[in-house]
file entry25.csv (CSV, C-alpha atoms)
chain,number,residue,atom,x,y,z
J,1,MET,CA,-10.5,-97.8,-86.0
J,2,LYS,CA,-12.2,-100.9,-84.5
J,3,LYS,CA,-11.3,-101.5,-80.9
J,4,ILE,CA,-10.6,-105.2,-80.4
J,5,PHE,CA,-9.0,-105.1,-76.9
J,6,LYS,CA,-10.1,-103.3,-73.8
J,7,LYS,CA,-10.1,-103.6,-70.0
J,8,PRO,CA,-13.1,-105.7,-68.9
J,9,GLN,CA,-15.9,-103.8,-67.1
J,10,SER,CA,-15.7,-106.5,-64.4
J,11,LEU,CA,-12.2,-105.3,-63.4
J,12,LYS,CA,-11.6,-102.0,-61.6
J,13,SER,CA,-9.2,-99.5,-63.2
J,14,VAL,CA,-6.5,-100.0,-60.6
J,15,PRO,CA,-3.0,-101.4,-60.9
J,16,LEU,CA,-2.5,-105.0,-59.8
J,17,ARG,CA,0.0,-105.5,-57.0
J,18,TYR,CA,0.7,-109.2,-57.6
J,19,CYS,CA,4.3,-110.2,-58.1
J,20,PRO,CA,5.7,-110.1,-61.7
J,21,GLY,CA,4.7,-113.3,-63.5
J,22,CYS,CA,2.1,-114.3,-60.9
J,23,GLY,CA,-0.9,-116.1,-62.4
J,24,HIS,CA,-3.5,-114.4,-60.3
J,25,SER,CA,-3.8,-111.2,-62.4
J,26,LEU,CA,-4.3,-113.3,-65.5
J,27,ILE,CA,-6.9,-115.4,-63.9
J,28,HIS,CA,-8.7,-112.3,-62.7
J,29,ARG,CA,-8.9,-111.0,-66.3
J,30,LEU,CA,-10.2,-114.3,-67.6
J,31,ILE,CA,-12.9,-114.5,-65.0
J,32,ALA,CA,-13.8,-110.8,-65.7
J,33,GLU,CA,-14.0,-111.3,-69.4
J,34,CYS,CA,-16.3,-114.3,-69.0
J,35,ILE,CA,-18.6,-112.4,-66.7
J,36,ASP,CA,-18.7,-109.5,-69.2
J,37,SER,CA,-19.5,-111.8,-72.1
J,38,LEU,CA,-22.3,-113.5,-70.2
J,39,HIS,CA,-23.7,-110.2,-69.1
J,40,ILE,CA,-23.9,-111.3,-65.4
J,41,ARG,CA,-21.8,-108.6,-63.7
J,42,ASN,CA,-24.7,-107.0,-61.9
J,43,LYS,CA,-25.8,-110.3,-60.3
J,44,THR,CA,-22.4,-111.9,-59.6
J,45,ILE,CA,-20.8,-112.2,-56.1
J,46,GLY,CA,-17.3,-113.6,-55.6
J,47,ILE,CA,-16.0,-115.1,-52.4
J,48,ALA,CA,-12.3,-115.1,-51.5
J,49,PRO,CA,-10.4,-116.4,-48.4
J,50,VAL,CA,-7.0,-115.8,-46.8
J,51,GLY,CA,-3.9,-115.9,-49.0
J,52,CYS,CA,-3.0,-114.1,-52.2
J,53,ALA,CA,-6.6,-114.7,-53.3
J,54,VAL,CA,-7.7,-112.2,-50.6
J,55,PHE,CA,-6.9,-109.3,-52.8
J,56,ALA,CA,-9.7,-110.1,-55.2
J,57,TYR,CA,-11.9,-107.4,-53.5
J,58,ASP,CA,-9.4,-104.8,-54.8
J,59,TYR,CA,-9.7,-105.7,-58.4
J,60,PHE,CA,-13.2,-107.1,-59.3
J,61,ASN,CA,-15.8,-104.6,-60.1
J,62,PHE,CA,-18.7,-106.3,-58.4
J,63,ASP,CA,-19.4,-107.5,-54.9
J,64,ILE,CA,-16.7,-109.7,-53.2
J,65,LEU,CA,-17.2,-111.3,-49.8
J,66,GLU,CA,-14.2,-112.3,-47.6
J,67,ALA,CA,-14.5,-115.6,-45.8
J,68,ALA,CA,-12.4,-117.3,-43.1
J,69,HIS,CA,-9.5,-119.5,-44.3
J,70,GLY,CA,-10.9,-122.5,-46.2
J,71,ARG,CA,-14.6,-121.5,-45.8
J,72,PRO,CA,-15.6,-119.9,-49.1
J,73,PRO,CA,-17.6,-123.0,-50.2
J,74,ALA,CA,-19.6,-122.8,-47.1
J,75,VAL,CA,-20.3,-119.1,-47.5
J,76,ALA,CA,-21.0,-119.6,-51.2
J,77,THR,CA,-23.5,-122.3,-50.3
J,78,ALA,CA,-25.4,-120.0,-47.9
J,79,LEU,CA,-25.4,-117.1,-50.3
J,80,LYS,CA,-26.6,-119.2,-53.3
J,81,ARG,CA,-29.4,-120.8,-51.3
J,82,LEU,CA,-30.6,-117.5,-49.9
J,83,GLN,CA,-30.3,-115.8,-53.3
J,84,PRO,CA,-30.6,-118.5,-56.0
J,85,ASP,CA,-30.7,-116.0,-58.8
J,86,THR,CA,-27.3,-114.7,-57.9
J,87,ILE,CA,-24.2,-116.0,-59.7
J,88,VAL,CA,-21.8,-117.1,-56.9
J,89,PHE,CA,-18.2,-118.2,-57.3
J,90,SER,CA,-15.4,-118.9,-54.9
J,91,TYR,CA,-11.8,-118.0,-55.7
J,92,GLN,CA,-9.3,-120.1,-53.7
J,93,GLY,CA,-5.7,-121.0,-53.6
J,94,ASP,CA,-4.2,-124.5,-52.8
J,95,GLY,CA,-3.2,-123.7,-49.3
J,96,ASP,CA,-6.8,-122.7,-48.7
J,97,LEU,CA,-8.9,-125.2,-50.6
J,98,ALA,CA,-6.7,-128.3,-50.4
J,99,ALA,CA,-5.6,-127.8,-46.7
J,100,ILE,CA,-7.8,-126.1,-44.2
J,101,GLY,CA,-10.8,-126.1,-46.6
J,102,THR,CA,-10.7,-129.7,-47.7
J,103,SER,CA,-13.9,-130.6,-45.8
J,104,GLU,CA,-15.8,-127.6,-47.1
J,105,ILE,CA,-15.0,-128.3,-50.8
J,106,ILE,CA,-15.7,-132.0,-50.6
J,107,HIS,CA,-19.1,-131.6,-49.0
J,108,ALA,CA,-20.1,-128.7,-51.3
J,109,ALA,CA,-19.5,-131.0,-54.2
J,110,ALA,CA,-21.3,-133.9,-52.4
J,111,ARG,CA,-24.3,-131.7,-51.9
J,112,ALA,CA,-24.2,-130.7,-55.6
J,113,GLU,CA,-24.3,-127.0,-54.6
J,114,ASN,CA,-25.0,-124.9,-57.7
J,115,ILE,CA,-21.8,-122.8,-57.4
J,116,SER,CA,-18.6,-122.3,-59.5
J,117,VAL,CA,-15.2,-122.7,-57.9
J,118,PHE,CA,-11.9,-121.5,-59.3
J,119,PHE,CA,-9.0,-123.2,-57.7
J,120,VAL,CA,-5.5,-121.7,-58.2
J,121,ASN,CA,-2.8,-124.4,-57.8
J,122,ASN,CA,0.7,-122.9,-57.6
J,123,ALA,CA,2.0,-125.7,-55.4
J,124,THR,CA,3.0,-123.5,-52.6
J,125,TYR,CA,1.7,-121.2,-49.8
J,126,GLY,CA,2.3,-118.0,-51.8
J,127,MET,CA,1.4,-115.2,-49.3
J,128,THR,CA,3.1,-116.5,-46.2
J,129,GLY,CA,6.6,-117.3,-47.5
J,130,GLY,CA,6.5,-120.3,-49.8
J,131,GLN,CA,5.9,-123.2,-47.4
J,132,MET,CA,4.9,-126.6,-48.5
J,133,ALA,CA,1.3,-126.9,-49.6
J,134,PRO,CA,-0.9,-130.0,-50.1
J,135,THR,CA,-0.2,-129.6,-53.8
J,136,THR,CA,3.6,-129.3,-53.5
J,137,ILE,CA,5.1,-132.0,-55.7
J,138,LEU,CA,7.7,-134.6,-54.7
J,139,GLY,CA,11.2,-133.2,-54.9
J,140,GLN,CA,10.0,-129.6,-54.9
J,141,ARG,CA,11.9,-127.3,-52.6
J,142,THR,CA,10.0,-124.9,-50.4
J,143,THR,CA,10.9,-123.0,-47.2
J,144,THR,CA,9.7,-126.0,-45.2
J,145,THR,CA,11.1,-128.7,-47.5
J,146,THR,CA,14.5,-127.3,-48.2
J,147,GLU,CA,15.8,-130.6,-49.6
J,148,GLY,CA,12.7,-131.2,-51.6
J,149,ARG,CA,9.4,-132.8,-50.6
J,150,ASP,CA,9.8,-136.4,-49.5
J,151,GLY,CA,6.7,-138.5,-49.5
J,152,ALA,CA,7.7,-140.6,-46.5
J,153,ALA,CA,8.3,-137.6,-44.3
J,154,SER,CA,5.7,-135.1,-45.6
J,155,GLY,CA,3.1,-137.1,-47.4
J,156,TYR,CA,2.1,-137.0,-51.1
J,157,PRO,CA,0.5,-134.3,-53.2
J,158,ILE,CA,-3.3,-134.1,-53.3
J,159,ARG,CA,-4.8,-134.2,-56.8
J,160,VAL,CA,-8.0,-132.1,-56.2
J,161,ALA,CA,-9.5,-132.5,-59.7
J,162,GLU,CA,-9.2,-136.3,-59.6
J,163,LEU,CA,-10.5,-136.4,-56.0
J,164,LEU,CA,-13.6,-134.3,-56.6
J,165,SER,CA,-14.4,-136.1,-59.9
J,166,THR,CA,-15.2,-139.2,-57.9
J,167,ILE,CA,-18.0,-137.4,-56.0
J,168,THR,CA,-21.5,-138.0,-57.4
J,169,GLY,CA,-22.7,-134.5,-56.8
J,170,ALA,CA,-19.9,-132.8,-58.9
J,171,SER,CA,-21.0,-131.9,-62.4
J,172,PHE,CA,-18.0,-130.4,-64.1
J,173,ILE,CA,-14.4,-130.7,-63.1
J,174,GLN,CA,-11.5,-129.6,-65.3
J,175,ARG,CA,-7.8,-128.8,-64.8
J,176,VAL,CA,-6.2,-126.2,-67.0
J,177,SER,CA,-2.9,-124.4,-67.2
J,178,LEU,CA,-1.7,-120.8,-67.8
J,179,ASP,CA,1.7,-121.7,-69.3
J,180,SER,CA,0.9,-121.0,-73.0
J,181,TYR,CA,-1.4,-119.0,-75.1
J,182,LYS,CA,-3.2,-122.2,-76.2
J,183,ASN,CA,-3.7,-123.3,-72.6
J,184,ILE,CA,-4.9,-119.8,-71.6
J,185,ILE,CA,-7.6,-120.0,-74.2
J,186,THR,CA,-8.6,-123.4,-72.9
J,187,ALA,CA,-8.7,-122.0,-69.4
J,188,LYS,CA,-11.0,-119.2,-70.4
J,189,LYS,CA,-13.4,-121.7,-72.0
J,190,ALA,CA,-13.5,-123.8,-68.9
J,191,ILE,CA,-14.2,-120.8,-66.7
J,192,LYS,CA,-17.0,-119.7,-68.9
J,193,LYS,CA,-18.4,-123.2,-68.9
J,194,ALA,CA,-18.4,-123.3,-65.1
J,195,PHE,CA,-20.5,-120.1,-65.1
J,196,ILE,CA,-22.9,-121.4,-67.8
J,197,TYR,CA,-23.5,-124.6,-65.9
J,198,GLN,CA,-24.4,-122.5,-62.8
J,199,MET,CA,-26.7,-120.3,-64.9
J,200,GLU,CA,-28.4,-123.5,-66.2
J,201,CYS,CA,-28.7,-124.9,-62.6
J,202,LYS,CA,-26.5,-127.9,-63.4
J,203,GLY,CA,-24.8,-128.0,-60.0
J,204,PHE,CA,-21.2,-128.0,-58.7
J,205,SER,CA,-18.3,-127.0,-61.0
J,206,LEU,CA,-14.6,-126.6,-60.3
J,207,VAL,CA,-11.8,-125.4,-62.6
J,208,GLU,CA,-8.3,-126.1,-61.3
J,209,LEU,CA,-5.7,-123.7,-62.8
J,210,LEU,CA,-2.0,-124.4,-62.7
J,211,SER,CA,-0.5,-121.0,-62.0
J,212,ALA,CA,3.0,-119.6,-61.6
J,213,CYS,CA,4.5,-118.3,-58.4
J,214,PRO,CA,7.9,-117.0,-59.6
J,215,THR,CA,8.8,-115.3,-56.3
J,216,ASP,CA,8.4,-118.4,-54.0
J,217,TRP,CA,9.7,-120.8,-56.7
J,218,GLY,CA,12.8,-118.6,-57.0
J,219,MET,CA,12.5,-118.4,-60.8
J,220,SER,CA,12.1,-115.8,-63.5
J,221,PRO,CA,8.5,-115.5,-64.9
J,222,LYS,CA,9.7,-117.3,-68.1
J,223,ALA,CA,11.4,-120.1,-66.1
J,224,SER,CA,8.2,-120.5,-64.0
J,225,MET,CA,6.1,-121.1,-67.2
J,226,ASP,CA,8.6,-123.7,-68.4
J,227,TRP,CA,8.5,-125.4,-65.0
J,228,ILE,CA,4.7,-125.6,-65.1
J,229,HIS,CA,5.0,-127.3,-68.5
J,230,SER,CA,7.9,-129.7,-67.7
J,231,ARG,CA,7.1,-130.6,-64.1
J,232,LEU,CA,3.8,-129.3,-62.6
J,233,SER,CA,1.5,-130.4,-65.4
J,234,GLN,CA,3.2,-133.9,-65.4
J,235,GLU,CA,2.2,-134.3,-61.8
J,236,TYR,CA,-1.2,-132.7,-62.5
J,237,PRO,CA,-2.3,-133.7,-66.0
J,238,LEU,CA,-4.6,-131.3,-67.8
J,239,GLY,CA,-8.1,-132.2,-69.0
J,240,VAL,CA,-11.7,-132.7,-68.2
J,241,PHE,CA,-12.1,-135.2,-65.4
J,242,LYS,CA,-15.8,-135.1,-65.1
J,243,ASP,CA,-18.7,-133.7,-67.1
J,244,ARG,CA,-22.1,-135.1,-66.1
J,245,PHE,CA,-23.7,-133.5,-69.2
J,246,LYS,CA,-21.2,-134.9,-71.7
J,247,GLU,CA,-19.3,-138.1,-72.0
J,248,ASN,CA,-16.8,-138.4,-69.1
J,249,ILE,CA,-13.1,-138.6,-70.0

call {"tool": "encode", "arguments": {"input": "entry25.csv", "output": "structure tokens"}}
result
Amino acid sequence: MKKIFKKPQSLKSVPLRYCPGCGHSLIHRLIAECIDSLHIRNKTIGIAPVGCAVFAYDYFNFDILEAAHGRPPAVATALKRLQPDTIVFSYQGDGDLAAIGTSEIIHAAARAENISVFFVNNATYGMTGGQMAPTTILGQRTTTTTEGRDGAASGYPIRVAELLSTITGASFIQRVSLDSYKNIITAKKAIKKAFIYQMECKGFSLVELLSACPTDWGMSPKASMDWIHSRLSQEYPLGVFKDRFKENI
């Protein structure tokens, strides 16, 4: 019988300890499948920071470096410049990339660093208890916005894909979602494209992934998918925001 589904070689054979319905495990698999299909596992290095993303070293079957909170783009820059033939990606959450790491991600894009960035946007600080993140949408309840985020009191959500698309050095910026099979397929294509652009030395790429956090959202996994579709993707529209090598949208 023909085998049509198997565990990617780029994932270790260990159980994932993410919460039920969490998007991280799915994103791990998509990244691993893309790396396998491109035959780059033996020269790929991932970089993860503090937060739920920190567990990447337990699951990917290739080298993973841990960086200080918000600093993966800086570490990725150094590694790529020292070893330009290596495929380097950073794997970052919204509390990391869009808060303490804002400077690093903006300047990595401005320098047109030839790296791939995978940005997990679940609109909350997942690991530390569900506090408001830079991506928390207006009206969303968190442990630090118990009545819902208010723009006048807490500021407004940061749209990372739109922000980075204005930077000349950025080559490919796309926002995708994990709320449906169709969108998951689109997400995988975007991840693969970010790797291909790096392999072709086309510069800085970022894929933003709208991902569920049922535990901190206080929802079932099914309800969290529905919320991504009905609320989160309305605040953060899906699509390609910049592609220097195709017509921009």

call {"tool": "residues_around", "arguments": {"input": "entry25.csv", "residues": "Phe60 in chain J", "least_positions_apart": "5", "cutoff": "9 Å", "atoms": "only C-alpha atoms", "output": "JSON, numbers by chain"}}
result
{"J": [9, 10, 11, 12, 28, 32, 46]}

call {"tool": "closest_atom_pairs", "arguments": {"input": "entry25.csv", "of": "range 144-225 of chain J", "to": "range 92-116 of chain J", "cutoff": "10 Å", "atoms": "all atoms listed in the file", "output": "CSV"}}
result
residue,atom,partner,partner_atom,distance
J:Pro157,CA,J:Ala98,CA,9.8
J:Ile158,CA,J:Ala98,CA,7.3
J:Arg159,CA,J:Ala98,CA,8.9
J:Val160,CA,J:Ala98,CA,7.1
J:Leu163,CA,J:Ile106,CA,8.7
J:Leu164,CA,J:Ile106,CA,6.8
J:Ser165,CA,J:Ala109,CA,9.2
J:Thr166,CA,J:Ala110,CA,9.8
J:Ile167,CA,J:Ala110,CA,6.0
J:Thr168,CA,J:Ala110,CA,6.5
J:Gly169,CA,J:Ala112,CA,4.3
J:Ala170,CA,J:Ala109,CA,5.0
J:Ser171,CA,J:Ala112,CA,7.6
J:Phe172,CA,J:Ser116,CA,9.3
J:Ile191,CA,J:Ser116,CA,8.6
J:Lys192,CA,J:Ser116,CA,9.9
J:Lys193,CA,J:Ser116,CA,9.4
J:Ala194,CA,J:Ser116,CA,5.7
J:Phe195,CA,J:Ser116,CA,6.3
J:Ile196,CA,J:Ser116,CA,9.4
J:Tyr197,CA,J:Asn114,CA,8.3
J:Gln198,CA,J:Asn114,CA,5.7
J:Met199,CA,J:Asn114,CA,8.7
J:Glu200,CA,J:Asn114,CA,9.3
J:Cys201,CA,J:Asn114,CA,6.1
J:Lys202,CA,J:Asn114,CA,6.6
J:Gly203,CA,J:Asn114,CA,3.9
J:Phe204,CA,J:Asn114,CA,5.0
J:Ser205,CA,J:Ser116,CA,4.9
J:Leu206,CA,J:Ser116,CA,5.9
J:Val207,CA,J:Ser116,CA,8.1
J:Glu208,CA,J:Asp94,CA,9.6
J:Leu209,CA,J:Gly93,CA,9.6
J:Ser211,CA,J:Gly93,CA,9.9

call {"tool": "atom_distance", "arguments": {"input": "entry25.csv", "atom1": "CA of Ala56 in chain J", "atom2": "CA of Ala74 in chain J"}}
result
18.0 Å

call {"tool": "residues_near_point", "arguments": {"input": "entry25.csv", "point": "(-7.0, -128.3, -68.8)", "cutoff": "12 Å", "atoms": "only C-alpha atoms", "output": "number ranges by chain"}}
result
J: 161, 173-180, 182-191, 206-211, 233, 236-242

call {"tool": "atom_distance", "arguments": {"input": "entry25.csv", "atom1": "CA of Pro8 in chain J", "atom2": "CA of Thr44 in chain J"}}
result
14.5 Å

call {"tool": "atom_distance", "arguments": {"input": "entry25.csv", "atom1": "CA of His69 in chain J", "atom2": "CA of Thr128 in chain J"}}
result
13.1 Å

call {"tool": "closest_residue", "arguments": {"input": "entry25.csv", "among": "J:Gly148, J:Pro84, J:Gly21, J:Gly130", "to": "Gly51 in chain J", "atoms": "all atoms listed in the file"}}
result
J:Gly130

call {"tool": "residues_near_point", "arguments": {"input": "entry25.csv", "point": "(8.8, -116.3, -66.4)", "cutoff": "12 Å", "atoms": "only C-alpha atoms", "output": "compact mmCIF listing (two decimals) with C-alpha atoms, keeping the file's coordinate frame"}}
result
# COMPACT_ATOMS: atom_id res chain seq x y z
CA CYS J 19 4.30 -110.20 -58.10
CA PRO J 20 5.70 -110.10 -61.70
CA GLY J 21 4.70 -113.30 -63.50
CA CYS J 22 2.10 -114.30 -60.90
CA GLY J 23 -0.90 -116.10 -62.40
CA LEU J 178 -1.70 -120.80 -67.80
CA ASP J 179 1.70 -121.70 -69.30
CA SER J 180 0.90 -121.00 -73.00
CA SER J 211 -0.50 -121.00 -62.00
CA ALA J 212 3.00 -119.60 -61.60
CA CYS J 213 4.50 -118.30 -58.40
CA PRO J 214 7.90 -117.00 -59.60
CA THR J 215 8.80 -115.30 -56.30
CA TRP J 217 9.70 -120.80 -56.70
CA GLY J 218 12.80 -118.60 -57.00
CA MET J 219 12.50 -118.40 -60.80
CA SER J 220 12.10 -115.80 -63.50
CA PRO J 221 8.50 -115.50 -64.90
CA LYS J 222 9.70 -117.30 -68.10
CA ALA J 223 11.40 -120.10 -66.10
CA SER J 224 8.20 -120.50 -64.00
CA MET J 225 6.10 -121.10 -67.20
CA ASP J 226 8.60 -123.70 -68.40
CA TRP J 227 8.50 -125.40 -65.00
CA ILE J 228 4.70 -125.60 -65.10
CA HIS J 229 5.00 -127.30 -68.50

call {"tool": "closest_residue", "arguments": {"input": "entry25.csv", "among": "J:Ile27, J:Leu38, J:Leu232, J:Ala48", "to": "Ala123 in chain J", "atoms": "only C-alpha atoms"}}
result
J:Leu232

call {"tool": "residues_around", "arguments": {"input": "entry25.csv", "residues": "His24 in chain J", "least_positions_apart": "6", "cutoff": "8 Å", "atoms": "only C-alpha atoms", "output": "PDB file with C-alpha atoms, in the coordinates of the input"}}
result
ATOM      1  CA  TYR J  18       0.700-109.200 -57.600  1.00  0.00           C
ATOM      2  CA  ALA J  53      -6.600-114.700 -53.300  1.00  0.00           C
ATOM      3  CA  VAL J 120      -5.500-121.700 -58.200  1.00  0.00           C
ATOM      4  CA  SER J 211      -0.500-121.000 -62.000  1.00  0.00           C
TER       5      SER J 211
END

call {"tool": "build_atoms", "arguments": {"input": "entry25.csv", "residues": "range 153-177 of chain J", "atoms": "N, CA and C atoms", "output": "mmCIF file, in the coordinates of the input"}}
result
data_model
loop_
_atom_site.group_PDB
_atom_site.id
_atom_site.type_symbol
_atom_site.label_atom_id
_atom_site.label_comp_id
_atom_site.auth_asym_id
_atom_site.auth_seq_id
_atom_site.Cartn_x
_atom_site.Cartn_y
_atom_site.Cartn_z
ATOM 1 N N ALA J 153 8.262 -138.532 -45.452
ATOM 2 C CA ALA J 153 8.300 -137.600 -44.300
ATOM 3 C C ALA J 153 7.127 -136.613 -44.337
ATOM 4 N N SER J 154 6.697 -136.212 -45.532
ATOM 5 C CA SER J 154 5.700 -135.100 -45.600
ATOM 6 C C SER J 154 4.427 -135.496 -46.327
ATOM 7 N N GLY J 155 4.270 -136.749 -46.697
ATOM 8 C CA GLY J 155 3.100 -137.100 -47.400
ATOM 9 C C GLY J 155 3.174 -136.846 -48.890
ATOM 10 N N TYR J 156 2.096 -137.109 -49.607
ATOM 11 C CA TYR J 156 2.100 -137.000 -51.100
ATOM 12 C C TYR J 156 1.133 -135.926 -51.536
ATOM 13 N N PRO J 157 1.358 -135.400 -52.711
ATOM 14 C CA PRO J 157 0.500 -134.300 -53.200
ATOM 15 C C PRO J 157 -0.962 -134.792 -53.363
ATOM 16 N N ILE J 158 -1.875 -133.867 -53.124
ATOM 17 C CA ILE J 158 -3.300 -134.100 -53.300
ATOM 18 C C ILE J 158 -3.734 -133.651 -54.671
ATOM 19 N N ARG J 159 -4.329 -134.534 -55.434
ATOM 20 C CA ARG J 159 -4.800 -134.200 -56.800
ATOM 21 C C ARG J 159 -6.326 -133.845 -56.628
ATOM 22 N N VAL J 160 -6.600 -132.579 -56.533
ATOM 23 C CA VAL J 160 -8.000 -132.100 -56.200
ATOM 24 C C VAL J 160 -8.940 -132.465 -57.311
ATOM 25 N N ALA J 161 -8.590 -132.216 -58.557
ATOM 26 C CA ALA J 161 -9.500 -132.500 -59.700
ATOM 27 C C ALA J 161 -9.918 -133.957 -59.695
ATOM 28 N N GLU J 162 -8.927 -134.825 -59.570
ATOM 29 C CA GLU J 162 -9.200 -136.300 -59.600
ATOM 30 C C GLU J 162 -10.071 -136.668 -58.397
ATOM 31 N N LEU J 163 -9.761 -136.113 -57.226
ATOM 32 C CA LEU J 163 -10.500 -136.400 -56.000
ATOM 33 C C LEU J 163 -11.972 -136.045 -56.149
ATOM 34 N N LEU J 164 -12.220 -134.817 -56.561
ATOM 35 C CA LEU J 164 -13.600 -134.300 -56.600
ATOM 36 C C LEU J 164 -14.385 -135.002 -57.759
ATOM 37 N N SER J 165 -13.687 -135.468 -58.779
ATOM 38 C CA SER J 165 -14.400 -136.100 -59.900
ATOM 39 C C SER J 165 -15.048 -137.426 -59.485
ATOM 40 N N THR J 166 -14.628 -137.988 -58.339
ATOM 41 C CA THR J 166 -15.200 -139.200 -57.900
ATOM 42 C C THR J 166 -16.523 -138.998 -57.097
ATOM 43 N N ILE J 167 -16.824 -137.737 -56.814
ATOM 44 C CA ILE J 167 -18.000 -137.400 -56.000
ATOM 45 C C ILE J 167 -19.224 -137.262 -56.905
ATOM 46 N N THR J 168 -20.279 -137.968 -56.583
ATOM 47 C CA THR J 168 -21.500 -138.000 -57.400
ATOM 48 C C THR J 168 -22.050 -136.614 -57.659
ATOM 49 N N GLY J 169 -22.034 -135.767 -56.660
ATOM 50 C CA GLY J 169 -22.700 -134.500 -56.800
ATOM 51 C C GLY J 169 -21.937 -133.473 -57.671
ATOM 52 N N ALA J 170 -20.674 -133.743 -58.008
ATOM 53 C CA ALA J 170 -19.900 -132.800 -58.900
ATOM 54 C C ALA J 170 -20.368 -132.979 -60.312
ATOM 55 N N SER J 171 -20.565 -131.856 -60.987
ATOM 56 C CA SER J 171 -21.000 -131.900 -62.400
ATOM 57 C C SER J 171 -19.927 -131.660 -63.384
ATOM 58 N N PHE J 172 -19.045 -130.709 -63.104
ATOM 59 C CA PHE J 172 -18.000 -130.400 -64.100
ATOM 60 C C PHE J 172 -16.702 -130.087 -63.352
ATOM 61 N N ILE J 173 -15.675 -130.872 -63.691
ATOM 62 C CA ILE J 173 -14.400 -130.700 -63.100
ATOM 63 C C ILE J 173 -13.321 -130.720 -64.221
ATOM 64 N N GLN J 174 -12.536 -129.667 -64.300
ATOM 65 C CA GLN J 174 -11.500 -129.600 -65.300
ATOM 66 C C GLN J 174 -10.247 -128.940 -64.757
ATOM 67 N N ARG J 175 -9.086 -129.455 -65.191
ATOM 68 C CA ARG J 175 -7.800 -128.800 -64.800
ATOM 69 C C ARG J 175 -7.208 -128.195 -66.089
ATOM 70 N N VAL J 176 -6.789 -126.940 -65.931
ATOM 71 C CA VAL J 176 -6.200 -126.200 -67.000
ATOM 72 C C VAL J 176 -4.884 -125.580 -66.563
ATOM 73 N N SER J 177 -4.170 -124.947 -67.484
ATOM 74 C CA SER J 177 -2.900 -124.400 -67.200
ATOM 75 C C SER J 177 -2.761 -122.989 -67.819
#
